[in-house]
$ cat protein_17.txt   # compact mmCIF, C-alpha atoms
# COMPACT_ATOMS: atom_id res chain seq x y z
CA MET A 1 -66.57 59.85 124.05
CA SER A 2 -64.80 62.99 125.26
CA GLU A 3 -66.26 66.29 126.36
CA LEU A 4 -65.05 69.85 125.90
CA SER A 5 -66.25 72.74 128.03
CA TYR A 6 -66.81 76.24 126.66
CA VAL A 7 -67.79 79.67 127.89
CA LEU A 8 -70.17 82.02 126.05
CA VAL A 9 -69.36 85.72 126.11
CA ASP A 10 -70.90 88.77 124.43
CA VAL A 11 -68.14 91.04 123.12
CA PHE A 12 -68.17 94.83 122.61
CA THR A 13 -71.10 95.37 124.97
CA ASP A 14 -71.76 95.87 128.67
CA GLN A 15 -75.21 94.24 128.41
CA ARG A 16 -76.05 90.56 128.03
CA PHE A 17 -77.53 89.65 124.64
CA GLY A 18 -75.87 92.61 122.96
CA GLY A 19 -72.56 92.73 121.13
CA ASN A 20 -71.11 89.77 119.24
CA GLN A 21 -71.45 86.24 120.57
CA LEU A 22 -68.37 84.11 121.11
CA ALA A 23 -67.76 80.59 122.35
CA VAL A 24 -64.34 79.95 123.88
CA PHE A 25 -62.90 76.47 124.54
CA GLN A 26 -59.73 75.93 126.58
CA SER A 27 -57.98 72.62 125.85
CA SER A 28 -54.80 71.12 127.27
CA ILE A 29 -54.76 68.45 124.54
CA PRO A 30 -54.36 68.89 120.78
CA LEU A 31 -57.52 68.97 118.65
CA ALA A 32 -57.64 68.17 114.97
CA THR A 33 -58.45 71.10 112.70
CA ASN A 34 -61.44 69.33 111.19
CA VAL A 35 -62.86 68.69 114.68
CA MET A 36 -62.58 72.34 115.62
CA GLN A 37 -64.21 73.32 112.33
CA LYS A 38 -67.10 70.91 112.96
CA ILE A 39 -67.62 72.33 116.45
CA ALA A 40 -67.67 75.89 115.09
CA ARG A 41 -70.21 74.81 112.47
CA GLU A 42 -72.32 73.07 115.12
CA LEU A 43 -72.44 76.16 117.36
CA ASN A 44 -72.97 78.38 114.28
CA LEU A 45 -71.75 81.57 115.94
CA SER A 46 -69.83 84.06 113.84
CA GLU A 47 -66.64 82.81 115.53
CA THR A 48 -65.54 80.11 117.95
CA VAL A 49 -62.15 80.15 119.70
CA PHE A 50 -59.92 77.32 120.91
CA ILE A 51 -57.19 78.14 123.45
CA PHE A 52 -54.08 75.97 123.81
CA PRO A 53 -50.78 76.22 125.71
CA PRO A 54 -48.33 78.44 123.79
CA SER A 55 -45.66 76.90 121.59
CA ASP A 56 -43.28 79.59 122.93
CA GLN A 57 -43.33 79.74 126.72
CA THR A 58 -42.59 83.47 126.67
CA LYS A 59 -46.10 83.94 125.21
CA THR A 60 -49.36 83.60 127.11
CA LYS A 61 -51.60 81.32 125.04
CA LYS A 62 -52.06 79.97 121.53
CA VAL A 63 -55.40 80.86 119.95
CA ARG A 64 -57.16 79.39 116.91
CA ILE A 65 -60.27 81.07 115.52
CA PHE A 66 -63.00 79.47 113.39
CA THR A 67 -66.09 80.79 111.64
CA PRO A 68 -68.73 78.19 110.64
CA GLN A 69 -66.89 77.88 107.29
CA ILE A 70 -63.19 78.68 107.67
CA GLU A 71 -60.31 79.23 110.06
CA LEU A 72 -59.19 82.85 110.41
CA PRO A 73 -55.56 83.94 110.94
CA VAL A 74 -56.70 86.77 113.21
CA ALA A 75 -60.00 88.32 114.26
CA GLY A 76 -61.00 91.18 116.51
CA HIS A 77 -63.95 90.19 118.63
CA PRO A 78 -62.59 86.65 119.25
CA THR A 79 -59.25 88.05 120.40
CA VAL A 80 -60.84 90.70 122.65
CA GLY A 81 -63.36 88.22 124.06
CA THR A 82 -60.64 85.63 124.69
CA ALA A 83 -58.44 88.16 126.48
CA PHE A 84 -61.40 89.17 128.64
CA LEU A 85 -62.11 85.56 129.62
CA LEU A 86 -58.45 84.81 130.36
CA GLY A 87 -58.75 87.37 133.13
CA LEU A 88 -62.35 86.77 134.18
CA GLU A 89 -62.00 82.98 134.47
CA ASN A 90 -58.52 83.18 136.04
CA TRP A 91 -57.04 81.19 133.16
CA VAL A 92 -54.17 83.65 133.46
CA GLU A 93 -53.12 85.36 136.69
CA THR A 94 -54.13 89.02 136.82
CA VAL A 95 -53.16 92.07 138.84
CA GLN A 96 -55.06 95.24 139.58
CA GLY A 97 -54.77 97.79 136.77
CA VAL A 98 -53.16 96.90 133.45
CA ASN A 99 -52.40 93.32 132.38
CA GLU A 100 -50.46 92.84 129.13
CA TRP A 101 -50.20 89.46 127.42
CA ILE A 102 -49.15 88.02 124.06
CA LEU A 103 -51.36 85.58 122.14
CA GLU A 104 -50.07 83.39 119.33
CA GLU A 105 -52.45 83.66 116.37
CA GLY A 106 -52.25 82.75 112.69
CA VAL A 107 -50.69 86.10 111.72
CA GLY A 108 -48.14 85.92 114.54
CA ASP A 109 -47.99 87.50 117.98
CA ILE A 110 -50.97 89.64 119.04
CA HIS A 111 -50.56 91.93 122.05
CA VAL A 112 -53.61 92.24 124.29
CA THR A 113 -54.35 94.38 127.32
CA VAL A 114 -56.86 93.56 130.04
CA TYR A 115 -57.93 96.15 132.61
CA LYS A 116 -58.86 95.14 136.16
CA GLU A 117 -60.43 97.62 138.57
CA HIS A 118 -61.65 96.76 142.10
CA ASP A 119 -61.22 93.03 141.32
CA LYS A 120 -63.42 93.33 138.22
CA ILE A 121 -62.30 92.89 134.60
CA THR A 122 -63.65 96.04 132.96
CA LYS A 123 -62.24 96.09 129.43
CA ALA A 124 -60.04 94.20 127.00
CA GLU A 125 -58.23 95.47 123.93
CA MET A 126 -55.88 94.19 121.25
CA SER A 127 -53.17 95.68 119.08
CA GLN A 128 -53.81 95.04 115.40
CA PRO A 129 -51.40 94.77 112.50
CA ILE A 130 -50.93 98.13 110.78
CA PRO A 131 -53.66 98.47 108.13
CA LYS A 132 -52.65 98.04 104.51
CA PHE A 133 -54.59 100.09 101.97
CA GLY A 134 -55.54 98.16 98.85
CA GLU A 135 -57.28 98.73 95.55
CA VAL A 136 -60.18 101.11 94.94
CA TYR A 137 -63.34 99.56 93.49
CA HIS A 138 -64.90 101.75 90.82
CA ASP A 139 -68.19 100.12 89.72
CA THR A 140 -70.68 102.03 91.87
CA LYS A 141 -73.68 100.51 90.06
CA VAL A 142 -72.65 96.98 91.05
CA ILE A 143 -72.06 98.16 94.63
CA ALA A 144 -75.56 99.70 94.72
CA ASP A 145 -77.04 96.48 93.37
CA LEU A 146 -75.16 94.46 96.00
CA LEU A 147 -76.81 96.49 98.76
CA SER A 148 -80.21 96.97 97.04
CA LEU A 149 -79.71 100.74 97.16
CA SER A 150 -79.76 103.42 94.49
CA VAL A 151 -76.44 104.71 93.13
CA ASP A 152 -77.01 108.15 94.65
CA GLU A 153 -77.17 106.59 98.13
CA ILE A 154 -73.53 105.50 97.78
CA ASP A 155 -71.18 108.34 98.80
CA THR A 156 -69.21 108.75 95.58
CA ASN A 157 -67.11 111.54 97.13
CA LEU A 158 -65.23 108.80 98.97
CA PRO A 159 -63.42 105.72 97.65
CA ILE A 160 -64.79 102.20 97.85
CA GLN A 161 -61.57 100.62 99.02
CA THR A 162 -60.07 97.40 100.37
CA ILE A 163 -58.07 97.69 103.61
CA SER A 164 -56.59 94.85 105.65
CA SER A 165 -55.15 94.23 109.11
CA GLY A 166 -54.76 90.54 108.36
CA VAL A 167 -58.18 89.96 106.78
CA PRO A 168 -59.18 92.26 103.89
CA PHE A 169 -62.51 94.10 103.92
CA LEU A 170 -64.06 96.20 101.18
CA TYR A 171 -65.23 99.48 102.73
CA ILE A 172 -68.31 101.08 101.18
CA PRO A 173 -69.36 104.60 102.24
CA VAL A 174 -73.11 105.25 102.30
CA ARG A 175 -74.67 108.69 102.63
CA SER A 176 -77.28 108.15 105.35
CA LEU A 177 -78.42 106.10 108.32
CA ASP A 178 -81.74 105.60 106.56
CA ALA A 179 -79.98 103.93 103.62
CA MET A 180 -78.00 101.74 106.02
CA LYS A 181 -81.23 100.48 107.58
CA ARG A 182 -82.68 99.62 104.17
CA ILE A 183 -79.73 97.51 102.95
CA ASN A 184 -80.84 94.16 101.59
CA PHE A 185 -77.65 92.26 100.84
CA ARG A 186 -77.88 90.33 97.57
CA ASN A 187 -75.95 87.08 97.63
CA ASP A 188 -76.43 86.60 93.88
CA VAL A 189 -74.59 89.86 93.12
CA TRP A 190 -71.91 89.00 95.68
CA GLN A 191 -71.43 85.55 94.17
CA GLN A 192 -71.08 86.94 90.65
CA SER A 193 -68.98 90.04 91.25
CA PHE A 194 -67.21 89.78 94.63
CA SER A 195 -66.79 86.18 95.80
CA ALA A 196 -63.82 85.16 93.63
CA ASN A 197 -61.48 87.93 94.81
CA LYS A 198 -60.19 87.63 98.39
CA ASP A 199 -59.91 91.44 98.54
CA THR A 200 -63.64 91.92 97.91
CA GLN A 201 -65.16 88.91 99.65
CA HIS A 202 -65.89 90.62 102.99
CA ILE A 203 -68.08 93.72 102.81
CA PHE A 204 -68.11 96.54 105.39
CA VAL A 205 -70.65 99.32 104.81
CA PHE A 206 -70.59 102.52 106.86
CA THR A 207 -72.01 106.00 107.30
CA LEU A 208 -70.97 108.94 109.46
CA GLU A 209 -74.57 109.34 110.63
CA THR A 210 -74.96 107.52 113.95
CA VAL A 211 -77.72 106.41 116.29
CA ASN A 212 -75.75 107.14 119.47
CA PRO A 213 -74.30 110.63 119.98
CA SER A 214 -71.09 109.15 121.45
CA SER A 215 -70.41 107.15 118.27
CA THR A 216 -68.25 108.33 115.38
CA VAL A 217 -69.38 105.92 112.68
CA HIS A 218 -72.18 103.41 112.05
CA GLY A 219 -71.40 100.14 110.26
CA ARG A 220 -72.72 96.83 108.96
CA MET A 221 -70.60 93.84 107.85
CA PHE A 222 -71.55 90.99 105.50
CA ALA A 223 -69.30 87.95 104.99
CA PRO A 224 -70.87 85.06 103.05
CA ALA A 225 -67.40 83.60 102.44
CA MET A 226 -67.03 83.14 106.21
CA GLY A 227 -70.53 81.67 106.54
CA ILE A 228 -71.67 84.91 108.23
CA THR A 229 -74.86 86.49 106.88
CA GLU A 230 -74.26 89.63 108.94
CA ASP A 231 -71.89 90.28 111.83
CA PRO A 232 -73.05 92.32 114.86
CA ALA A 233 -69.50 93.52 115.67
CA THR A 234 -66.38 93.10 113.56
CA GLY A 235 -63.25 93.92 115.49
CA ASN A 236 -60.88 92.96 112.69
CA ALA A 237 -62.61 95.46 110.40
CA SER A 238 -62.62 98.23 113.01
CA GLY A 239 -58.92 99.17 113.00
CA PRO A 240 -58.86 99.54 109.20
CA LEU A 241 -62.17 101.45 109.40
CA GLY A 242 -60.55 103.94 111.76
CA ALA A 243 -57.58 104.25 109.42
CA TYR A 244 -59.95 104.90 106.51
CA LEU A 245 -61.65 107.72 108.42
CA ILE A 246 -58.32 109.31 109.26
CA GLU A 247 -56.79 108.81 105.81
CA HIS A 248 -59.73 110.47 104.06
CA ALA A 249 -60.05 113.33 106.58
CA LEU A 250 -63.48 112.25 107.84
CA ILE A 251 -62.54 113.07 111.43
CA PRO A 252 -60.73 116.20 112.61
CA PHE A 253 -56.95 116.28 112.20
CA ASN A 254 -55.05 115.93 115.47
CA GLU A 255 -51.58 117.49 115.59
CA ASN A 256 -50.28 114.96 118.12
CA GLY A 257 -51.29 112.10 115.84
CA THR A 258 -53.58 110.28 118.28
CA TYR A 259 -57.18 109.48 117.46
CA THR A 260 -60.01 107.90 119.44
CA ILE A 261 -62.97 106.62 117.44
CA ARG A 262 -66.11 104.73 118.47
CA SER A 263 -67.80 102.45 115.94
CA GLU A 264 -71.38 101.30 116.47
CA GLN A 265 -72.58 98.14 114.75
CA GLY A 266 -75.26 95.46 115.09
CA LEU A 267 -78.14 97.82 115.77
CA GLU A 268 -80.10 96.56 112.77
CA MET A 269 -79.73 93.04 114.19
CA GLY A 270 -80.93 93.97 117.68
CA ARG A 271 -77.42 93.41 119.09
CA PRO A 272 -75.96 96.88 119.75
CA SER A 273 -72.16 96.79 119.72
CA PHE A 274 -69.59 99.48 120.42
CA VAL A 275 -65.95 99.14 119.39
CA ASP A 276 -63.39 101.65 120.70
CA ILE A 277 -60.61 102.30 118.18
CA SER A 278 -57.33 103.99 119.16
CA ILE A 279 -54.85 104.97 116.45
CA SER A 280 -51.52 106.76 116.58
CA LYS A 281 -49.91 108.21 113.47
CA GLU A 282 -46.63 110.00 112.73
CA GLY A 283 -46.72 111.92 109.47
CA ASN A 284 -48.05 109.53 106.85
CA ASP A 285 -47.23 106.41 108.88
CA TYR A 286 -49.62 104.54 111.14
CA LYS A 287 -47.69 103.50 114.25
CA GLN A 288 -50.25 101.73 116.41
CA VAL A 289 -53.83 100.53 116.04
CA LYS A 290 -55.84 99.17 118.98
CA ILE A 291 -59.45 98.07 119.31
CA GLY A 292 -61.30 97.13 122.46
CA GLY A 293 -64.40 97.29 124.56
CA ALA A 294 -66.44 95.79 127.35
CA CYS A 295 -67.55 92.13 127.44
CA VAL A 296 -70.16 90.15 129.38
CA LYS A 297 -70.12 86.45 130.26
CA VAL A 298 -73.42 84.87 129.21
CA GLY A 299 -73.13 81.17 130.03
CA GLU A 300 -71.28 77.87 129.86
CA GLY A 301 -71.71 74.54 128.12
CA LYS A 302 -70.20 71.25 126.97
CA ILE A 303 -69.70 69.62 123.59
CA TYR A 304 -69.28 65.83 123.26
CA ILE A 305 -66.79 64.57 120.67
$ encode --input "protein_17.txt" --output "C-alpha cells"
Amino acid sequence: MSELSYVLVDVFTDQRFGGNQLAVFQSSIPLATNVMQKIARELNLSETVFIFPPSDQTKTKKVRIFTPQIELPVAGHPTVGTAFLLGLENWVETVQGVNEWILEEGVGDIHVTVYKEHDKITKAEMSQPIPKFGEVYHDTKVIADLLSLSVDEIDTNLPIQTISSGVPFLYIPVRSLDAMKRINFRNDVWQQSFSANKDTQHIFVFTLETVNPSSTVHGRMFAPAMGITEDPATGNASGPLGAYLIEHALIPFNENGTYTIRSEQGLEMGRPSFVDISISKEGNDYKQVKIGGACVKVGEGKIYI
C-alpha cells in the first residue's frame, strides 16, 4: 500500500470555507490516469489536481486536472489554486514581488503569476487562451425550462452564446438577481436538449445585478457532464465571461483597451467567490486574458492507494 499526501485550498476567496475547494497532490512518481480519476471521484470536489515534474525542464511543473467524472485539459480555479500552493508550500522557490512560472496543462503551456508581499503569498493569477466565440442558441423557451424560470426572465436583448478558452460554456443572460436566486436546474431538460453537444454541456448563467457593490457581474455554473451539480467559482468560464461583457458592450468602452472585471459566484451555495478578470484588447482582437484572486489553505490529508 502506498500513500499520497494532498493539500486542501479554497480558491477565489480570502476566507476559509468560501470560494471553490481544491485538493492538490504533488507526486514525484507517475500515476495511472484511472487511479487519479478514482481519487478525484473519492474526494468528490469539483476538481482535484496532480502535480508532476515537467516534461520540458524549461517549464515549472506539469499539471493534470480531474473532476469526479472526467479529466480537463485546462481549468481556472485548479490552475490558480495550484500556482498559489507552489509558492505557499515552497514547492517552487519564490522571490518578493512578482513570480512568473509556466505550467504544462492539457491545452499546452499556461503562464501563471504569483504575488509575494512581506513574505506572504497574496494572490495568484493565470493567463487564459484567447476566448473563441461560438454559436448562438435561439430556443429561449428550452433555456427557461432548463432553469425553471419564465421566458421573460431571460434577457432576450442579449445572445445566449457558447464561448471557450479551452472548455466551452453556454452563457445565458438573466434579467435579475432575484431570478438567479430562484434557478432550479433541471437535469431532465439538460439531458434531452444540451448533454449531447459539447458546446452546450456546461451552463453559465449571469446577471449584471450584483450582491456586492465592488462586483461587475453575478454568476452561477452548472456542469452535470463534469459530475458537478453547481460550481462555486469557475475560473475557466470567467475569462470568456469577461469577453462576453466587453463584446456586447455591457461594460463601458475603454479607449486604451484594458478592462478590469470582478465576477461574484457561489453566493447561493454559501461559498462566496470573487474572480478578478483582466482583459486587453486592440481593435476587434483580444490580446490577453487573465483571471486571478486570493486563496486560503484549509488543511492537509493522505490517500492510501
$ atom_distance --input "protein_17.txt" --atom1 "CA of Gly235 (chain A)" --atom2 "CA of Asp139 (chain A)"
27.0 Å
$ residues_around --input "protein_17.txt" --residues "region 272-278 of chain A" --least-positions-apart "6" --cutoff "10 Å" --atoms "all atoms listed in the file" --output "PyMOL selection string"
chain A and resi 10-15+17-20+76-77+125-127+212+214-216+218+232-235+238-243+258-266+288-294
$ residues_around --input "protein_17.txt" --residues "region 121-123 of chain A" --least-positions-apart "2" --cutoff "12 Å" --atoms "only C-alpha atoms" --output "ChimeraX atom specification"
/A:11-14,80-90,94-99,112-119,125-126,275-276,291-297
$ residues_around --input "protein_17.txt" --residues "region 58-61 of chain A" --least-positions-apart "3" --cutoff "7 Å" --atoms "all atoms listed in the file" --output "compact mmCIF listing (two decimals) with C-alpha atoms, in the coordinates of the input"
# COMPACT_ATOMS: atom_id res chain seq x y z
CA ILE A 51 -57.19 78.14 123.45
CA PHE A 52 -54.08 75.97 123.81
CA PRO A 53 -50.78 76.22 125.71
CA PRO A 54 -48.33 78.44 123.79
CA TRP A 101 -50.20 89.46 127.42
CA ILE A 102 -49.15 88.02 124.06
CA LEU A 103 -51.36 85.58 122.14
CA GLU A 104 -50.07 83.39 119.33
$ residues_around --input "protein_17.txt" --residues "Gln21 (chain A)" --least-positions-apart "4" --cutoff "8 Å" --atoms "all atoms listed in the file" --output "count of residues only"
7
$ axis_aligned_box --input "protein_17.txt" --around "region 229-236 of chain A" --padding-each-side "6 Å" --output "lines of an AutoDock Vina configuration file"
center_x = -67.9
center_y = 90.2
center_z = 111.3
size_x = 26.0
size_y = 19.4
size_z = 20.8
$ closest_residue --input "protein_17.txt" --among "A:Ala23, A:Asp188, A:Ile130, A:Met36" --to "Thr79 (chain A)" --atoms "all atoms listed in the file"
A:Ala23
$ atom_distance --input "protein_17.txt" --atom1 "CA of Gln161 (chain A)" --atom2 "CA of Tyr244 (chain A)"
8.8 Å
$ closest_residue --input "protein_17.txt" --among "A:Phe133, A:Arg220, A:Leu4, A:Leu31" --to "Arg271 (chain A)" --atoms "only C-alpha atoms"
A:Arg220
$ closest_residue --input "protein_17.txt" --among "A:Met1, A:Ala124, A:Leu43, A:Met221" --to "Asn236 (chain A)" --atoms "only C-alpha atoms"
A:Met221
$ atom_distance --input "protein_17.txt" --atom1 "CA of Asp285 (chain A)" --atom2 "CA of Asp199 (chain A)"
22.2 Å
$ closest_residue --input "protein_17.txt" --among "A:Ile154, A:Val107, A:Leu22, A:Ile143" --to "Lys62 (chain A)" --atoms "all atoms listed in the file"
A:Val107
$ residues_around --input "protein_17.txt" --residues "Gln191 (chain A)" --least-positions-apart "3" --cutoff "10 Å" --atoms "all atoms listed in the file" --output "list in words"
Leu146, Arg186, Asn187, Asp188, Phe194, Ser195, Ala196, Gln201, Pro224 and Ala225 of chain A
$ build_atoms --input "protein_17.txt" --residues "region 233-244 of chain A" --atoms "all heavy atoms" --output "CSV table (one decimal), in the frame of the given file"
chain,number,residue,atom,x,y,z
A,233,ALA,N,-70.7,92.7,115.3
A,233,ALA,CA,-69.5,93.5,115.7
A,233,ALA,C,-68.3,92.9,115.1
A,233,ALA,O,-68.0,91.7,115.3
A,233,ALA,CB,-69.3,93.6,117.2
A,234,THR,N,-67.5,93.7,114.3
A,234,THR,CA,-66.4,93.1,113.6
A,234,THR,C,-65.1,93.8,114.0
A,234,THR,O,-64.7,94.8,113.4
A,234,THR,CB,-66.6,93.2,112.0
A,234,THR,OG1,-67.9,92.9,111.7
A,234,THR,CG2,-65.6,92.4,111.3
A,235,GLY,N,-64.5,93.3,115.0
A,235,GLY,CA,-63.2,93.9,115.5
A,235,GLY,C,-62.2,94.0,114.5
A,235,GLY,O,-61.5,95.0,114.4
A,236,ASN,N,-62.0,93.0,113.7
A,236,ASN,CA,-60.9,93.0,112.7
A,236,ASN,C,-61.1,94.0,111.6
A,236,ASN,O,-60.1,94.4,110.9
A,236,ASN,CB,-60.7,91.6,112.1
A,236,ASN,CG,-59.3,91.3,111.7
A,236,ASN,OD1,-58.4,91.6,112.5
A,236,ASN,ND2,-59.1,90.7,110.6
A,237,ALA,N,-62.3,94.4,111.4
A,237,ALA,CA,-62.6,95.5,110.4
A,237,ALA,C,-62.5,96.9,111.0
A,237,ALA,O,-62.5,97.8,110.3
A,237,ALA,CB,-64.0,95.2,109.8
A,238,SER,N,-62.5,96.9,112.3
A,238,SER,CA,-62.6,98.2,113.0
A,238,SER,C,-61.3,99.1,112.9
A,238,SER,O,-61.4,100.3,112.7
A,238,SER,CB,-63.1,98.0,114.5
A,238,SER,OG,-64.3,97.4,114.5
A,239,GLY,N,-60.2,98.4,113.1
A,239,GLY,CA,-58.9,99.2,113.0
A,239,GLY,C,-58.8,99.8,111.6
A,239,GLY,O,-58.5,101.0,111.5
A,240,PRO,N,-58.9,99.0,110.5
A,240,PRO,CA,-58.9,99.5,109.2
A,240,PRO,C,-59.9,100.6,108.9
A,240,PRO,O,-59.7,101.6,108.2
A,240,PRO,CB,-59.1,98.3,108.3
A,240,PRO,CG,-58.6,97.2,109.1
A,240,PRO,CD,-58.9,97.5,110.5
A,241,LEU,N,-61.1,100.4,109.5
A,241,LEU,CA,-62.2,101.4,109.4
A,241,LEU,C,-61.7,102.8,110.0
A,241,LEU,O,-61.8,103.8,109.4
A,241,LEU,CB,-63.4,101.0,110.1
A,241,LEU,CG,-64.6,102.0,110.2
A,241,LEU,CD1,-65.1,102.4,108.8
A,241,LEU,CD2,-65.7,101.5,111.1
A,242,GLY,N,-61.1,102.7,111.2
A,242,GLY,CA,-60.6,103.9,111.8
A,242,GLY,C,-59.5,104.6,110.9
A,242,GLY,O,-59.5,105.8,110.7
A,243,ALA,N,-58.6,103.7,110.3
A,243,ALA,CA,-57.6,104.2,109.4
A,243,ALA,C,-58.2,104.9,108.2
A,243,ALA,O,-57.7,105.9,107.7
A,243,ALA,CB,-56.6,103.1,109.0
A,244,TYR,N,-59.2,104.3,107.7
A,244,TYR,CA,-60.0,104.9,106.5
A,244,TYR,C,-60.5,106.3,106.9
A,244,TYR,O,-60.3,107.3,106.1
A,244,TYR,CB,-61.1,104.0,106.1
A,244,TYR,CG,-61.9,104.5,104.9
A,244,TYR,CD1,-61.8,103.8,103.7
A,244,TYR,CD2,-62.8,105.5,105.0
A,244,TYR,CE1,-62.6,104.3,102.6
A,244,TYR,CE2,-63.6,106.0,103.9
A,244,TYR,CZ,-63.4,105.3,102.7
A,244,TYR,OH,-64.2,105.8,101.6
